[in-house]
>>> print(open('structure37.cif').read())   # mmCIF, C-alpha atoms and all ligand atoms; chains and numbers go by the auth columns
data_model
loop_
_atom_site.group_PDB
_atom_site.id
_atom_site.type_symbol
_atom_site.label_atom_id
_atom_site.label_comp_id
_atom_site.label_asym_id
_atom_site.label_seq_id
_atom_site.Cartn_x
_atom_site.Cartn_y
_atom_site.Cartn_z
_atom_site.B_iso_or_equiv
_atom_site.auth_seq_id
_atom_site.auth_asym_id
ATOM 1 C CA MET A 1 -35.783 -45.455 7.532 0.00 16 A
ATOM 2 C CA LYS A 2 -39.492 -45.172 6.794 0.00 17 A
ATOM 3 C CA GLU A 3 -40.199 -46.294 3.227 0.00 18 A
ATOM 4 C CA ASN A 4 -43.059 -47.248 0.951 0.00 19 A
ATOM 5 C CA VAL A 5 -43.225 -50.286 -1.279 0.00 20 A
ATOM 6 C CA LEU A 6 -45.485 -51.359 -4.141 0.00 21 A
ATOM 7 C CA VAL A 7 -46.443 -55.018 -4.297 0.00 22 A
ATOM 8 C CA ILE A 8 -48.288 -56.580 -7.219 0.00 23 A
ATOM 9 C CA VAL A 9 -49.691 -60.096 -7.246 0.00 24 A
ATOM 10 C CA LYS A 10 -48.885 -60.945 -10.867 0.00 25 A
ATOM 11 C CA PRO A 11 -51.214 -62.941 -13.181 0.00 26 A
ATOM 12 C CA ASP A 12 -49.586 -66.296 -12.307 0.00 27 A
ATOM 13 C CA GLY A 13 -50.125 -65.567 -8.609 0.00 28 A
ATOM 14 C CA MET A 14 -53.739 -64.547 -9.288 0.00 29 A
ATOM 15 C CA VAL A 15 -54.665 -67.628 -11.355 0.00 30 A
ATOM 16 C CA HIS A 16 -53.156 -69.919 -8.742 0.00 31 A
ATOM 17 C CA GLY A 17 -55.117 -68.197 -5.964 0.00 32 A
ATOM 18 C CA HIS A 18 -52.161 -66.804 -4.036 0.00 33 A
ATOM 19 C CA ALA A 19 -53.403 -63.214 -3.527 0.00 34 A
ATOM 20 C CA GLY A 20 -54.716 -63.797 -0.018 0.00 35 A
ATOM 21 C CA HIS A 21 -51.658 -65.705 1.124 0.00 36 A
ATOM 22 C CA VAL A 22 -49.308 -63.037 -0.212 0.00 37 A
ATOM 23 C CA LEU A 23 -51.234 -60.341 1.641 0.00 38 A
ATOM 24 C CA THR A 24 -51.109 -62.404 4.833 0.00 39 A
ATOM 25 C CA ARG A 25 -47.317 -62.687 4.596 0.00 40 A
ATOM 26 C CA PHE A 26 -47.048 -58.903 4.433 0.00 41 A
ATOM 27 C CA GLU A 27 -49.560 -58.406 7.249 0.00 42 A
ATOM 28 C CA GLU A 28 -47.359 -60.565 9.485 0.00 43 A
ATOM 29 C CA THR A 29 -44.662 -57.859 9.350 0.00 44 A
ATOM 30 C CA ASP A 30 -44.679 -54.476 11.107 0.00 45 A
ATOM 31 C CA LEU A 31 -45.507 -52.772 7.802 0.00 46 A
ATOM 32 C CA LYS A 32 -48.809 -50.940 7.452 0.00 47 A
ATOM 33 C CA LEU A 33 -51.218 -51.425 4.552 0.00 48 A
ATOM 34 C CA VAL A 34 -52.147 -47.992 3.156 0.00 49 A
ATOM 35 C CA GLY A 35 -53.644 -48.788 -0.255 0.00 50 A
ATOM 36 C CA ALA A 36 -54.944 -51.699 -2.304 0.00 51 A
ATOM 37 C CA ARG A 37 -56.755 -52.086 -5.601 0.00 52 A
ATOM 38 C CA VAL A 38 -57.521 -54.594 -8.312 0.00 53 A
ATOM 39 C CA VAL A 39 -56.093 -53.224 -11.548 0.00 54 A
ATOM 40 C CA ARG A 40 -56.625 -54.228 -15.157 0.00 55 A
ATOM 41 C CA VAL A 41 -53.182 -54.173 -16.730 0.00 56 A
ATOM 42 C CA THR A 42 -53.095 -52.443 -20.111 0.00 57 A
ATOM 43 C CA HIS A 43 -50.163 -52.592 -22.522 0.00 58 A
ATOM 44 C CA ASP A 44 -49.339 -48.991 -21.650 0.00 59 A
ATOM 45 C CA LEU A 45 -49.311 -49.594 -17.901 0.00 60 A
ATOM 46 C CA ALA A 46 -47.148 -52.714 -18.246 0.00 61 A
ATOM 47 C CA GLU A 47 -44.643 -50.921 -20.505 0.00 62 A
ATOM 48 C CA THR A 48 -44.376 -47.900 -18.230 0.00 63 A
ATOM 49 C CA HIS A 49 -44.058 -50.079 -15.143 0.00 64 A
ATOM 50 C CA TYR A 50 -41.155 -52.048 -16.616 0.00 65 A
ATOM 51 C CA GLN A 51 -39.639 -49.139 -18.642 0.00 66 A
ATOM 52 C CA HIS A 52 -36.155 -49.707 -17.153 0.00 67 A
ATOM 53 C CA LEU A 53 -36.057 -53.195 -18.734 0.00 68 A
ATOM 54 C CA LYS A 54 -36.933 -52.010 -22.253 0.00 69 A
ATOM 55 C CA ASP A 55 -33.632 -53.218 -23.711 0.00 70 A
ATOM 56 C CA LYS A 56 -33.773 -56.717 -22.216 0.00 71 A
ATOM 57 C CA PRO A 57 -34.398 -59.659 -24.559 0.00 72 A
ATOM 58 C CA PHE A 58 -37.299 -60.814 -22.374 0.00 73 A
ATOM 59 C CA PHE A 59 -39.062 -57.412 -22.363 0.00 74 A
ATOM 60 C CA ASP A 60 -41.892 -58.240 -24.812 0.00 75 A
ATOM 61 C CA GLU A 61 -42.671 -61.494 -23.057 0.00 76 A
ATOM 62 C CA LEU A 62 -42.592 -59.713 -19.703 0.00 77 A
ATOM 63 C CA ILE A 63 -45.175 -57.156 -20.874 0.00 78 A
ATOM 64 C CA HIS A 64 -47.469 -59.921 -22.110 0.00 79 A
ATOM 65 C CA PHE A 65 -46.896 -61.856 -18.913 0.00 80 A
ATOM 66 C CA LEU A 66 -47.984 -58.876 -16.772 0.00 81 A
ATOM 67 C CA MET A 67 -51.043 -58.403 -19.006 0.00 82 A
ATOM 68 C CA GLY A 68 -52.082 -61.991 -18.296 0.00 83 A
ATOM 69 C CA ASP A 69 -51.620 -63.175 -21.872 0.00 84 A
ATOM 70 C CA LEU A 70 -49.733 -66.263 -20.650 0.00 85 A
ATOM 71 C CA HIS A 71 -52.313 -67.038 -17.941 0.00 86 A
ATOM 72 C CA ASN A 72 -55.746 -67.433 -19.434 0.00 87 A
ATOM 73 C CA HIS A 73 -55.943 -63.664 -20.102 0.00 88 A
ATOM 74 C CA GLN A 74 -55.905 -62.959 -16.385 0.00 89 A
ATOM 75 C CA ASP A 75 -55.352 -59.219 -16.801 0.00 90 A
ATOM 76 C CA LEU A 76 -56.580 -58.324 -13.303 0.00 91 A
ATOM 77 C CA VAL A 77 -53.862 -58.086 -10.689 0.00 92 A
ATOM 78 C CA LEU A 78 -53.884 -57.053 -7.031 0.00 93 A
ATOM 79 C CA ALA A 79 -51.684 -54.038 -6.325 0.00 94 A
ATOM 80 C CA TYR A 80 -51.028 -52.762 -2.835 0.00 95 A
ATOM 81 C CA VAL A 81 -48.822 -50.369 -0.926 0.00 96 A
ATOM 82 C CA PHE A 82 -47.208 -50.975 2.424 0.00 97 A
ATOM 83 C CA THR A 83 -45.356 -48.407 4.452 0.00 98 A
ATOM 84 C CA GLY A 84 -42.945 -48.688 7.379 0.00 99 A
ATOM 85 C CA GLU A 85 -39.327 -49.156 8.447 0.00 100 A
ATOM 86 C CA ASN A 86 -37.199 -50.558 5.592 0.00 101 A
ATOM 87 C CA ALA A 87 -40.360 -51.491 3.681 0.00 102 A
ATOM 88 C CA VAL A 88 -38.426 -52.283 0.491 0.00 103 A
ATOM 89 C CA LYS A 89 -35.992 -54.702 2.136 0.00 104 A
ATOM 90 C CA VAL A 90 -38.723 -56.316 4.222 0.00 105 A
ATOM 91 C CA GLY A 91 -40.844 -56.774 1.091 0.00 106 A
ATOM 92 C CA ARG A 92 -38.024 -58.121 -1.037 0.00 107 A
ATOM 93 C CA ASP A 93 -37.035 -60.601 1.675 0.00 108 A
ATOM 94 C CA ILE A 94 -40.597 -61.937 1.745 0.00 109 A
ATOM 95 C CA ALA A 95 -40.585 -62.152 -2.065 0.00 110 A
ATOM 96 C CA GLY A 96 -37.243 -63.952 -2.457 0.00 111 A
ATOM 97 C CA ALA A 97 -34.864 -63.872 -5.428 0.00 112 A
ATOM 98 C CA THR A 98 -36.118 -62.952 -8.901 0.00 113 A
ATOM 99 C CA ASN A 99 -35.456 -66.464 -10.216 0.00 114 A
ATOM 100 C CA PRO A 100 -37.814 -68.795 -8.309 0.00 115 A
ATOM 101 C CA GLU A 101 -35.244 -71.601 -8.518 0.00 116 A
ATOM 102 C CA GLN A 102 -32.737 -69.433 -6.651 0.00 117 A
ATOM 103 C CA ALA A 103 -35.229 -68.031 -4.171 0.00 118 A
ATOM 104 C CA ASP A 104 -35.234 -69.167 -0.556 0.00 119 A
ATOM 105 C CA ASN A 105 -37.632 -72.109 -0.187 0.00 120 A
ATOM 106 C CA LYS A 106 -39.704 -70.284 2.417 0.00 121 A
ATOM 107 C CA SER A 107 -40.042 -67.094 0.355 0.00 122 A
ATOM 108 C CA ILE A 108 -43.096 -66.441 -1.810 0.00 123 A
ATOM 109 C CA ARG A 109 -41.196 -66.917 -5.051 0.00 124 A
ATOM 110 C CA GLY A 110 -39.351 -69.968 -3.715 0.00 125 A
ATOM 111 C CA SER A 111 -42.480 -71.690 -2.481 0.00 126 A
ATOM 112 C CA MET A 112 -45.064 -70.615 -5.066 0.00 127 A
ATOM 113 C CA GLY A 113 -43.070 -69.625 -8.152 0.00 128 A
ATOM 114 C CA ARG A 114 -41.621 -71.749 -10.930 0.00 129 A
ATOM 115 C CA VAL A 115 -39.450 -71.577 -14.016 0.00 130 A
ATOM 116 C CA THR A 116 -41.442 -72.835 -17.003 0.00 131 A
ATOM 117 C CA THR A 117 -40.139 -75.530 -19.353 0.00 132 A
ATOM 118 C CA LYS A 118 -39.450 -72.659 -21.790 0.00 133 A
ATOM 119 C CA GLY A 119 -37.274 -70.972 -19.158 0.00 134 A
ATOM 120 C CA SER A 120 -39.583 -68.071 -18.202 0.00 135 A
ATOM 121 C CA PHE A 121 -39.856 -66.936 -14.611 0.00 136 A
ATOM 122 C CA GLU A 122 -43.302 -67.182 -13.017 0.00 137 A
ATOM 123 C CA ASN A 123 -42.390 -65.416 -9.809 0.00 138 A
ATOM 124 C CA VAL A 124 -45.809 -64.575 -8.375 0.00 139 A
ATOM 125 C CA ILE A 125 -45.207 -61.030 -7.166 0.00 140 A
ATOM 126 C CA HIS A 126 -43.576 -57.751 -7.987 0.00 141 A
ATOM 127 C CA VAL A 127 -41.927 -55.804 -5.164 0.00 142 A
ATOM 128 C CA SER A 128 -40.298 -52.404 -5.765 0.00 143 A
ATOM 129 C CA SER A 129 -36.501 -52.520 -5.995 0.00 144 A
ATOM 130 C CA ASP A 130 -35.669 -49.339 -4.067 0.00 145 A
ATOM 131 C CA PRO A 131 -37.458 -46.369 -2.456 0.00 146 A
ATOM 132 C CA LEU A 132 -37.188 -44.084 -5.502 0.00 147 A
ATOM 133 C CA GLU A 133 -38.500 -46.758 -7.832 0.00 148 A
ATOM 134 C CA ALA A 134 -41.274 -47.436 -5.303 0.00 149 A
ATOM 135 C CA GLU A 135 -42.328 -43.787 -5.452 0.00 150 A
ATOM 136 C CA ARG A 136 -42.428 -43.811 -9.258 0.00 151 A
ATOM 137 C CA GLU A 137 -44.401 -47.061 -9.300 0.00 152 A
ATOM 138 C CA ILE A 138 -46.901 -46.093 -6.586 0.00 153 A
ATOM 139 C CA LYS A 139 -47.635 -42.837 -8.433 0.00 154 A
ATOM 140 C CA LEU A 140 -48.178 -44.859 -11.612 0.00 155 A
ATOM 141 C CA TRP A 141 -50.561 -47.430 -10.085 0.00 156 A
ATOM 142 C CA PHE A 142 -52.443 -45.256 -7.572 0.00 157 A
ATOM 143 C CA THR A 143 -53.998 -41.811 -7.417 0.00 158 A
ATOM 144 C CA PRO A 144 -53.521 -39.813 -4.179 0.00 159 A
ATOM 145 C CA GLU A 145 -57.149 -40.544 -3.220 0.00 160 A
ATOM 146 C CA GLU A 146 -56.482 -44.277 -3.361 0.00 161 A
ATOM 147 C CA ILE A 147 -53.753 -44.099 -0.718 0.00 162 A
ATOM 148 C CA ALA A 148 -55.258 -43.759 2.757 0.00 163 A
ATOM 149 C CA ILE A 149 -52.554 -41.520 4.233 0.00 164 A
ATOM 150 C CA ASP A 150 -50.302 -38.823 2.756 0.00 165 A
ATOM 151 C CA ILE A 151 -47.130 -40.653 1.752 0.00 166 A
ATOM 152 C CA PHE A 152 -46.016 -38.233 -1.005 0.00 167 A
ATOM 153 C CA LYS A 153 -46.632 -34.549 -1.702 0.00 168 A
ATOM 154 C CA THR A 154 -49.765 -33.694 -3.669 0.00 169 A
ATOM 155 C CA THR A 155 -51.207 -30.584 -5.299 0.00 170 A
ATOM 156 C CA ILE A 156 -54.756 -29.667 -6.264 0.00 171 A
ATOM 157 C CA SER A 157 -55.646 -29.617 -9.953 0.00 172 A
ATOM 158 C CA GLY A 158 -59.242 -28.476 -10.538 0.00 173 A
ATOM 159 C CA HIS A 159 -61.140 -30.343 -7.829 0.00 174 A
ATOM 160 C CA ARG A 160 -58.710 -33.263 -7.693 0.00 175 A
ATOM 161 C CA LYS A 161 -55.632 -34.120 -5.712 0.00 176 A
ATOM 162 C CA VAL A 162 -52.733 -35.108 -7.977 0.00 177 A
ATOM 163 C CA TRP A 163 -49.197 -36.214 -7.233 0.00 178 A
ATOM 164 C CA SER A 164 -46.782 -33.263 -7.235 0.00 179 A
HETATM 165 N N1 LIG B . -37.343 -61.268 -15.494 0.00 201 B
HETATM 166 C C1 LIG B . -37.223 -62.355 -16.327 0.00 201 B
HETATM 167 N N2 LIG B . -35.963 -62.849 -16.602 0.00 201 B
HETATM 168 C C2 LIG B . -34.845 -62.300 -16.064 0.00 201 B
HETATM 169 C C3 LIG B . -34.958 -61.210 -15.212 0.00 201 B
HETATM 170 C C4 LIG B . -36.222 -60.701 -14.942 0.00 201 B
HETATM 171 O O1 LIG B . -38.223 -62.870 -16.807 0.00 201 B
HETATM 172 O O2 LIG B . -33.723 -62.796 -16.335 0.00 201 B
HETATM 173 C C5 LIG B . -38.680 -60.746 -15.199 0.00 201 B
HETATM 174 C C6 LIG B . -39.222 -61.282 -13.883 0.00 201 B
HETATM 175 O O3 LIG B . -40.642 -61.424 -13.999 0.00 201 B
HETATM 176 C C7 LIG B . -38.880 -60.158 -12.937 0.00 201 B
HETATM 177 C C8 LIG B . -39.126 -58.944 -13.822 0.00 201 B
HETATM 178 O O4 LIG B . -38.641 -59.333 -15.088 0.00 201 B
HETATM 179 O O5 LIG B . -39.686 -60.181 -11.778 0.00 201 B
HETATM 180 C C9 LIG B . -38.432 -57.670 -13.372 0.00 201 B
HETATM 181 O O6 LIG B . -37.052 -57.899 -13.282 0.00 201 B
HETATM 182 P P1 LIG B . -36.195 -57.340 -12.080 0.00 201 B
HETATM 183 O O7 LIG B . -34.773 -57.531 -12.425 0.00 201 B
HETATM 184 O O8 LIG B . -36.657 -55.962 -11.734 0.00 201 B
HETATM 185 O O9 LIG B . -36.547 -58.368 -10.900 0.00 201 B
HETATM 186 P P2 LIG B . -37.422 -58.183 -9.586 0.00 201 B
HETATM 187 O O10 LIG B . -37.226 -56.775 -9.098 0.00 201 B
HETATM 188 O O11 LIG B . -38.857 -58.462 -9.973 0.00 201 B
HETATM 189 O O12 LIG B . -36.905 -59.208 -8.621 0.00 201 B
HETATM 190 MG MG MG B . -37.355 -54.933 -10.045 0.00 202 B
#
>>> encode(input="structure37.cif", output="structure tokens")
Amino acid sequence: MKENVLVIVKPDGMVHGHAGHVLTRFEETDLKLVGARVVRVTHDLAETHYQHLKDKPFFDELIHFLMGDLHNHQDLVLAYVFTGENAVKVGRDIAGATNPEQADNKSIRGSMGRVTTKGSFENVIHVSSDPLEAEREIKLWFTPEEIAIDIFKTTISGHRKVWS
């Protein structure tokens, strides 16, 4: 089934210079790149993005991690959207397991991620978990104008296109 997926090169991936390589791995699939932007991650954006993990003990650290506070204040991340057949599964296979130590060696997280001496995951990229979550996330990180084709319904508000 045709799906969309949001990918974010997280601050650890950015400081280690993996953004280009990550994009290449996705370009090698049959998925199509339909949007990309460099985003400054605010506290609000990080909290909304990870809202479903609010009750986890690692939530606060995760928010600060995504804001770059653990990586030289690297608060600029690369976010992009790919679309195509089974985009979520294809993307998550490229990413590998959440814990870099359990991720396939050839996956992005397995080859470029690490678990710190304090036990935190530095897993290089975010990939949406399922198509519904992808839709919520893409609408959070991108405006309709920033996606090159119509992937979700929009309406006009004033002179602007907004997500329906
Ligand atoms: N995370 C963590 N410890 C955990 C589980 C998750 O630090 O035990 C972090 C990790 O950065 C992960 C993010 O929280 O990528 C989101 O967790 P999720 O379960 O959604 O994993 P993902 O979808 O990223 O594989
Ligand atoms: Mg997830």
>>> closest_residue(input="structure37.cif", among="A:Lys25, A:His86, A:Lys154, A:Arg175", to="ligand LIG 201 (chain B)", atoms="all atoms listed in the file")
A:Lys25
>>> residues_near_ligand(input="structure37.cif", ligand="ligand MG 202 (chain B)", cutoff="8 Å", atoms="all atoms listed in the file", output="NGL selection string")
:A and (141-144)
>>> closest_residue(input="structure37.cif", among="A:Asp108, A:Glu43, A:Glu100, A:Asp90", to="ligand LIG 201 (chain B)", atoms="all atoms listed in the file")
A:Asp108
>>> residues_near_ligand(input="structure37.cif", ligand="ligand LIG 201 (chain B)", cutoff="8 Å", atoms="all atoms listed in the file", output="list in words")
Tyr65, Leu68, Phe73, Phe74, Glu76, Leu77, Phe80, Arg107, Gly111, Ala112, Thr113, Asn114, Ser135, Phe136, Glu137, Asn138, Ile140, His141, Val142, Ser143 and Ser144 of chain A
>>> residues_around(input="structure37.cif", residues="Pro146 in chain A", least_positions_apart="4", cutoff="9 Å", atoms="only C-alpha atoms", output="ChimeraX atom specification")
/A:18-20,102-103,150-151
>>> resolve_selection(input="structure37.cif", expression="the PyMOL selection byres (((chain A and resi 49) around 10) and not hetatm)", output="list of chain:residue names")
A:Asn19, A:Leu46, A:Lys47, A:Leu48, A:Gly50, A:Ala51, A:Tyr95, A:Val96, A:Phe97, A:Thr98, A:Glu161, A:Ile162, A:Ala163, A:Ile164, A:Asp165, A:Ile166
>>> write_last_selection(input="structure37.cif", atoms="C-alpha atoms", output="compact mmCIF listing (two decimals), in the coordinates of the input")
# COMPACT_ATOMS: atom_id res chain seq x y z
CA ASN A 19 -43.06 -47.25 0.95
CA LEU A 46 -45.51 -52.77 7.80
CA LYS A 47 -48.81 -50.94 7.45
CA LEU A 48 -51.22 -51.42 4.55
CA GLY A 50 -53.64 -48.79 -0.26
CA ALA A 51 -54.94 -51.70 -2.30
CA TYR A 95 -51.03 -52.76 -2.84
CA VAL A 96 -48.82 -50.37 -0.93
CA PHE A 97 -47.21 -50.98 2.42
CA THR A 98 -45.36 -48.41 4.45
CA GLU A 161 -56.48 -44.28 -3.36
CA ILE A 162 -53.75 -44.10 -0.72
CA ALA A 163 -55.26 -43.76 2.76
CA ILE A 164 -52.55 -41.52 4.23
CA ASP A 165 -50.30 -38.82 2.76
CA ILE A 166 -47.13 -40.65 1.75
>>> resolve_selection(input="structure37.cif", expression="the PyMOL selection byres (((chain A and resi 26) around 9) and not hetatm)", output="MDAnalysis selection string")
chainID A and resid 24:25 27:31 80:93 137 139:140
>>> closest_residue(input="structure37.cif", among="A:Met127, A:Ala61, A:Asp119, A:Pro159", to="Gly32 in chain A", atoms="all atoms listed in the file")
A:Met127
>>> closest_residue(input="structure37.cif", among="A:Val56, A:Val177, A:Val22, A:Leu147", to="Ala110 in chain A", atoms="all atoms listed in the file")
A:Val22
>>> decode(input="structure37.cif", residues="range 98-113 of chain A", atoms="N, CA and C atoms", output="PDB file, in the first residue's frame")
ATOM      1  N   THR A  98       7.656   8.933   0.056  1.00  0.00           N
ATOM      2  CA  THR A  98       6.373   8.317  -0.219  1.00  0.00           C
ATOM      3  C   THR A  98       6.558   7.125  -1.168  1.00  0.00           C
ATOM      4  N   GLY A  99       5.703   6.122  -1.025  1.00  0.00           N
ATOM      5  CA  GLY A  99       5.798   4.954  -1.899  1.00  0.00           C
ATOM      6  C   GLY A  99       5.244   3.706  -1.229  1.00  0.00           C
ATOM      7  N   GLU A 100       5.355   2.587  -1.916  1.00  0.00           N
ATOM      8  CA  GLU A 100       4.838   1.309  -1.407  1.00  0.00           C
ATOM      9  C   GLU A 100       5.490   0.952  -0.068  1.00  0.00           C
ATOM     10  N   ASN A 101       4.680   0.685   0.933  1.00  0.00           N
ATOM     11  CA  ASN A 101       5.161   0.264   2.261  1.00  0.00           C
ATOM     12  C   ASN A 101       6.278   1.156   2.800  1.00  0.00           C
ATOM     13  N   ALA A 102       6.124   2.465   2.624  1.00  0.00           N
ATOM     14  CA  ALA A 102       7.189   3.406   2.987  1.00  0.00           C
ATOM     15  C   ALA A 102       7.628   3.264   4.456  1.00  0.00           C
ATOM     16  N   VAL A 103       6.664   2.973   5.344  1.00  0.00           N
ATOM     17  CA  VAL A 103       7.015   2.875   6.761  1.00  0.00           C
ATOM     18  C   VAL A 103       7.919   1.665   7.008  1.00  0.00           C
ATOM     19  N   LYS A 104       7.526   0.521   6.472  1.00  0.00           N
ATOM     20  CA  LYS A 104       8.338  -0.692   6.684  1.00  0.00           C
ATOM     21  C   LYS A 104       9.716  -0.553   6.016  1.00  0.00           C
ATOM     22  N   VAL A 105       9.716  -0.038   4.810  1.00  0.00           N
ATOM     23  CA  VAL A 105      10.988   0.152   4.100  1.00  0.00           C
ATOM     24  C   VAL A 105      11.904   1.062   4.931  1.00  0.00           C
ATOM     25  N   GLY A 106      11.333   2.149   5.434  1.00  0.00           N
ATOM     26  CA  GLY A 106      12.118   3.106   6.223  1.00  0.00           C
ATOM     27  C   GLY A 106      12.613   2.510   7.528  1.00  0.00           C
ATOM     28  N   ARG A 107      11.750   1.750   8.189  1.00  0.00           N
ATOM     29  CA  ARG A 107      12.146   1.190   9.484  1.00  0.00           C
ATOM     30  C   ARG A 107      13.165   0.066   9.302  1.00  0.00           C
ATOM     31  N   ASP A 108      13.114  -0.625   8.184  1.00  0.00           N
ATOM     32  CA  ASP A 108      14.142  -1.643   7.911  1.00  0.00           C
ATOM     33  C   ASP A 108      15.509  -0.985   7.696  1.00  0.00           C
ATOM     34  N   ILE A 109      15.517   0.134   6.988  1.00  0.00           N
ATOM     35  CA  ILE A 109      16.782   0.852   6.779  1.00  0.00           C
ATOM     36  C   ILE A 109      17.315   1.357   8.118  1.00  0.00           C
ATOM     37  N   ALA A 110      16.403   1.823   8.978  1.00  0.00           N
ATOM     38  CA  ALA A 110      16.815   2.392  10.271  1.00  0.00           C
ATOM     39  C   ALA A 110      17.375   1.325  11.208  1.00  0.00           C
ATOM     40  N   GLY A 111      16.732   0.177  11.286  1.00  0.00           N
ATOM     41  CA  GLY A 111      17.125  -0.855  12.250  1.00  0.00           C
ATOM     42  C   GLY A 111      16.431  -0.655  13.588  1.00  0.00           C
ATOM     43  N   ALA A 112      16.676  -1.569  14.518  1.00  0.00           N
ATOM     44  CA  ALA A 112      15.984  -1.553  15.815  1.00  0.00           C
ATOM     45  C   ALA A 112      16.298  -0.281  16.600  1.00  0.00           C
ATOM     46  N   THR A 113      15.360   0.074  17.497  1.00  0.00           N
ATOM     47  CA  THR A 113      15.492   1.291  18.293  1.00  0.00           C
ATOM     48  C   THR A 113      16.803   1.320  19.080  1.00  0.00           C
TER      49      THR A 113
END
